[in-house]
Each structure stands twice: as C-alpha cells, then as structure tokens.
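Worksheet: one structure, shown below.
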Amino acid sequence: MDTTTEYNAVIKYCKDLFIKKSKDYGTSWRIMRLSSITDQLYIKAKRIRTLEVKKVSKVGDDIADEFVAIVNYCVIALMQLDLGEDGEENLPLAIVDTEYTNKVNETRDLMFAKNHDYGEAWRDMRVSSMTDMILMKLHRVKQMEDNGGKTIASEGFVGNYQDMLNYAVFCLIKLGYASKNN
C-alpha cells in the first residue's frame, strides 16, 4: 500500500470509532479545557511507553488502541482550539463529523508536505521513537500552556497537535493497522 491509502485507512477506523462514541456520549469532550486534553494525551502516550518497556499489559488494551485514542484526542484538541472552551457543549453529529474531517484533512496536508521534504523517514523509525516524539511534543504543549500559550520562537499548539496526530497514524500503519482496517 502507499502512504495515502494507509493513512486514509487508519483515519477511517479512528473516525468511525469517534463518531460511534459521539453517538453514545454526545460531545461530552466539549467540557474539557485544552490542558485536560493534553493531560489525557499524556496518559495515553505514557501508557504506551510503559507497555513498550514492560512488554506486558495487565488491563488488556493494547498499544494500538492507545494510538487510536491519541489520534482522536488530537482531533478533539484541534476542534477545541477552533470552537473555544466556552462554546456550545452539545454539538450536532453532522458538525462533529465535518469538523473531524476538516481537522484531519489539514493535518494530512501537513503530513504530505513533510513527507515530501523528509522522504518518508518515519518508515525507518521505530514505533518506540515515535512514542518518545509524542511525549516530547506533549511536554512542549504543557510548557506552552504554562506560559499562557505564548511562544517566542516555536510553533504553536496546532502544529504540535498535528505532529502528534501524524506520529500516532504512522505508528498505527507500522503496527499493521492500515491493512487490518482497509
């Protein structure tokens, strides 16, 4: 498969799960502040790293499930940045569907640009290295949150969440998720 097909297959799985959960729970995630979403992402990435090191899960969810959650929480963060933390809590499913697609399309466009410049270097990276990259980006986002969102010479929240989303998709591709869900 090629990157476009693999990426789209992973996103389709993640989005289908997100929409199903939105039908079950509504848009309860709208109550979350950006810092809470960042912490939720941190929990997921930290668990992945712990499982990579310990090689045993006592809860049963595997690493791939956590990467799916990272994709979806990154999309939530990107939507919250646009919608604002104090906006309408109960969004119609059609709006959620459209916003999810818009955020993923913007992120995929970034990935294609970087993939061109970096020659798909992610394909030669270890999943564990991408886990570390996600954790590093989370530390950056936490620092930016602690600084009130102000940066001097760094990309802002959007770029970091998009990079984490793309790393999570790459990990799912490397874990064979694209072929399982295509």
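Here's how to read the names in the structure tokens: chain A, B, ... by the order shown, residue numbers from 1 in each chain, ligand numbers from 1 in the order shown.
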
Residue neighbourhood Asp61 in chain A, 12 Å, only C-alpha atoms, exclusion window fewer than 5 positions, as a PyMOL selection string
chain A and resi 44+47-48+51+56+66-69

Could you find all residues in chain A that DSSP calls helix (DSSP H, G or I) from the backbone, and write them as a ChimeraX atom specification?
/A:3-25,28-31,34-54,63-83,93-118,121-124,127-146,157-174,177-180

Go ahead and write the selection's residues with C-alpha atoms as a short mmCIF file (atom, residue, chain, number, x, y, z; two decimals), in the first residue's frame.
```
data_model
loop_
_atom_site.label_atom_id
_atom_site.label_comp_id
_atom_site.auth_asym_id
_atom_site.auth_seq_id
_atom_site.Cartn_x
_atom_site.Cartn_y
_atom_site.Cartn_z
CA THR A 3 1.05 6.27 2.33
CA THR A 4 -2.19 7.92 1.19
CA THR A 5 -4.13 4.65 1.24
CA GLU A 6 -2.62 3.58 4.57
CA TYR A 7 -3.19 6.98 6.19
CA ASN A 8 -6.79 7.12 4.99
CA ALA A 9 -7.50 3.56 6.22
CA VAL A 10 -6.21 4.38 9.71
CA ILE A 11 -8.14 7.66 9.83
CA LYS A 12 -11.31 5.94 8.65
CA TYR A 13 -11.06 3.49 11.56
CA CYS A 14 -10.32 6.26 14.08
CA LYS A 15 -13.13 8.48 12.78
CA ASP A 16 -15.66 5.63 12.71
CA LEU A 17 -14.88 4.90 16.37
CA PHE A 18 -15.06 8.61 17.24
CA ILE A 19 -18.46 9.02 15.59
CA LYS A 20 -19.81 5.89 17.32
CA LYS A 21 -18.63 7.22 20.69
CA SER A 22 -20.17 10.59 19.83
CA LYS A 23 -23.49 8.80 19.31
CA ASP A 24 -23.09 7.09 22.70
CA TYR A 25 -21.77 10.05 24.72
CA SER A 28 -19.09 15.42 26.34
CA TRP A 29 -15.48 16.20 25.38
CA ARG A 30 -16.56 19.83 24.83
CA ILE A 31 -16.39 20.32 28.61
CA LEU A 34 -7.12 22.23 26.47
CA SER A 35 -4.88 21.41 29.43
CA SER A 36 -7.13 18.45 30.31
CA ILE A 37 -6.94 17.15 26.75
CA THR A 38 -3.16 17.49 26.89
CA ASP A 39 -3.10 15.50 30.13
CA GLN A 40 -5.32 12.82 28.62
CA LEU A 41 -2.92 12.57 25.68
CA TYR A 42 -0.04 12.32 28.13
CA ILE A 43 -1.74 9.43 29.97
CA LYS A 44 -2.17 7.54 26.69
CA ALA A 45 1.40 8.16 25.49
CA LYS A 46 2.88 7.34 28.90
CA ARG A 47 0.95 4.05 28.96
CA ILE A 48 2.29 3.18 25.50
CA ARG A 49 5.84 3.83 26.65
CA THR A 50 5.31 1.78 29.81
CA LEU A 51 3.95 -1.14 27.76
CA GLU A 52 6.84 -0.84 25.30
CA VAL A 53 9.27 -1.17 28.20
CA LYS A 54 7.44 -3.76 30.34
CA ILE A 63 -0.76 -0.23 22.25
CA ALA A 64 -2.70 0.23 19.01
CA ASP A 65 -5.85 1.16 20.96
CA GLU A 66 -3.87 3.89 22.73
CA PHE A 67 -2.56 5.28 19.43
CA VAL A 68 -6.15 5.39 18.14
CA ALA A 69 -7.06 7.35 21.26
CA ILE A 70 -4.14 9.74 20.63
CA VAL A 71 -5.40 10.39 17.10
CA ASN A 72 -8.89 11.14 18.38
CA TYR A 73 -7.78 13.29 21.33
CA CYS A 74 -5.54 15.30 18.99
CA VAL A 75 -8.56 15.92 16.76
CA ILE A 76 -10.54 16.95 19.85
CA ALA A 77 -7.76 19.39 20.80
CA LEU A 78 -7.70 20.88 17.31
CA MET A 79 -11.51 21.26 17.35
CA GLN A 80 -11.44 22.82 20.82
CA LEU A 81 -8.84 25.35 19.65
CA ASP A 82 -11.27 26.49 16.94
CA LEU A 83 -14.53 26.14 18.83
CA LEU A 93 -23.28 14.96 14.95
CA ALA A 94 -23.15 16.45 11.45
CA ILE A 95 -20.99 19.32 12.70
CA VAL A 96 -18.72 16.93 14.61
CA ASP A 97 -18.33 14.78 11.50
CA THR A 98 -17.48 17.80 9.33
CA GLU A 99 -15.07 19.31 11.87
CA TYR A 100 -13.30 15.97 12.35
CA THR A 101 -12.82 15.66 8.60
CA ASN A 102 -11.58 19.26 8.30
CA LYS A 103 -9.01 18.83 11.08
CA VAL A 104 -7.76 15.53 9.68
CA ASN A 105 -7.53 16.93 6.15
CA GLU A 106 -5.45 19.91 7.37
CA THR A 107 -3.22 17.53 9.31
CA ARG A 108 -2.87 15.13 6.38
CA ASP A 109 -1.86 18.05 4.12
CA LEU A 110 0.89 18.92 6.60
CA MET A 111 2.00 15.28 6.61
CA PHE A 112 2.25 15.21 2.80
CA ALA A 113 4.38 18.36 2.79
CA LYS A 114 6.69 16.99 5.49
CA ASN A 115 6.75 13.55 3.88
CA HIS A 116 7.98 15.16 0.67
CA ASP A 117 10.75 17.06 2.44
CA TYR A 118 11.79 14.24 4.78
CA ALA A 121 11.78 8.99 7.15
CA TRP A 122 9.09 7.78 9.57
CA ARG A 123 9.04 4.44 7.75
CA ASP A 124 12.58 3.77 9.04
CA VAL A 127 7.45 2.90 16.98
CA SER A 128 9.15 3.49 20.33
CA SER A 129 10.98 6.53 18.90
CA MET A 130 7.70 7.98 17.66
CA THR A 131 6.21 7.36 21.11
CA ASP A 132 9.08 9.42 22.54
CA MET A 133 8.44 12.16 19.96
CA ILE A 134 4.78 12.30 21.02
CA LEU A 135 5.82 12.54 24.68
CA MET A 136 8.31 15.30 23.85
CA LYS A 137 5.65 17.26 21.97
CA LEU A 138 3.32 16.85 24.95
CA HIS A 139 5.96 18.35 27.23
CA ARG A 140 6.27 21.25 24.80
CA VAL A 141 2.50 21.78 24.79
CA LYS A 142 2.39 21.65 28.59
CA GLN A 143 5.12 24.29 28.74
CA MET A 144 3.23 26.49 26.29
CA GLU A 145 0.07 26.07 28.38
CA ASP A 146 2.05 27.05 31.48
CA PHE A 157 -0.44 24.40 19.71
CA VAL A 158 -1.85 23.47 16.29
CA GLY A 159 1.47 22.30 14.82
CA ASN A 160 2.27 20.21 17.88
CA TYR A 161 -1.14 18.51 17.97
CA GLN A 162 -0.92 17.87 14.22
CA ASP A 163 2.54 16.32 14.58
CA MET A 164 1.33 14.06 17.41
CA LEU A 165 -1.68 13.01 15.35
CA ASN A 166 0.55 12.17 12.39
CA TYR A 167 3.04 10.24 14.55
CA ALA A 168 0.16 8.21 16.00
CA VAL A 169 -1.12 7.42 12.49
CA PHE A 170 2.40 6.41 11.41
CA CYS A 171 2.64 4.10 14.43
CA LEU A 172 -0.69 2.51 13.56
CA ILE A 173 0.50 2.00 9.98
CA LYS A 174 3.74 0.40 11.22
CA TYR A 177 -3.48 -1.27 11.39
CA ALA A 178 -3.92 0.08 7.86
CA SER A 179 -4.07 -3.37 6.30
CA LYS A 180 -6.32 -4.74 9.10
#
```

Work out how far CA of Gly87 in chain A is from CA of Thr27 in chain A, in Å to one decimal.
11.7 Å

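Across the model, the gap from CA of Glu155 in chain A to CA of Glu88 in chain A is 27.9 Å.
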
Hey, can you check how far CA of Leu175 in chain A sits from CA of Gly119 in chain A?
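Straight-line distance from CA of Leu175 in chain A to CA of Gly119 in chain A works out to 19.9 Å.
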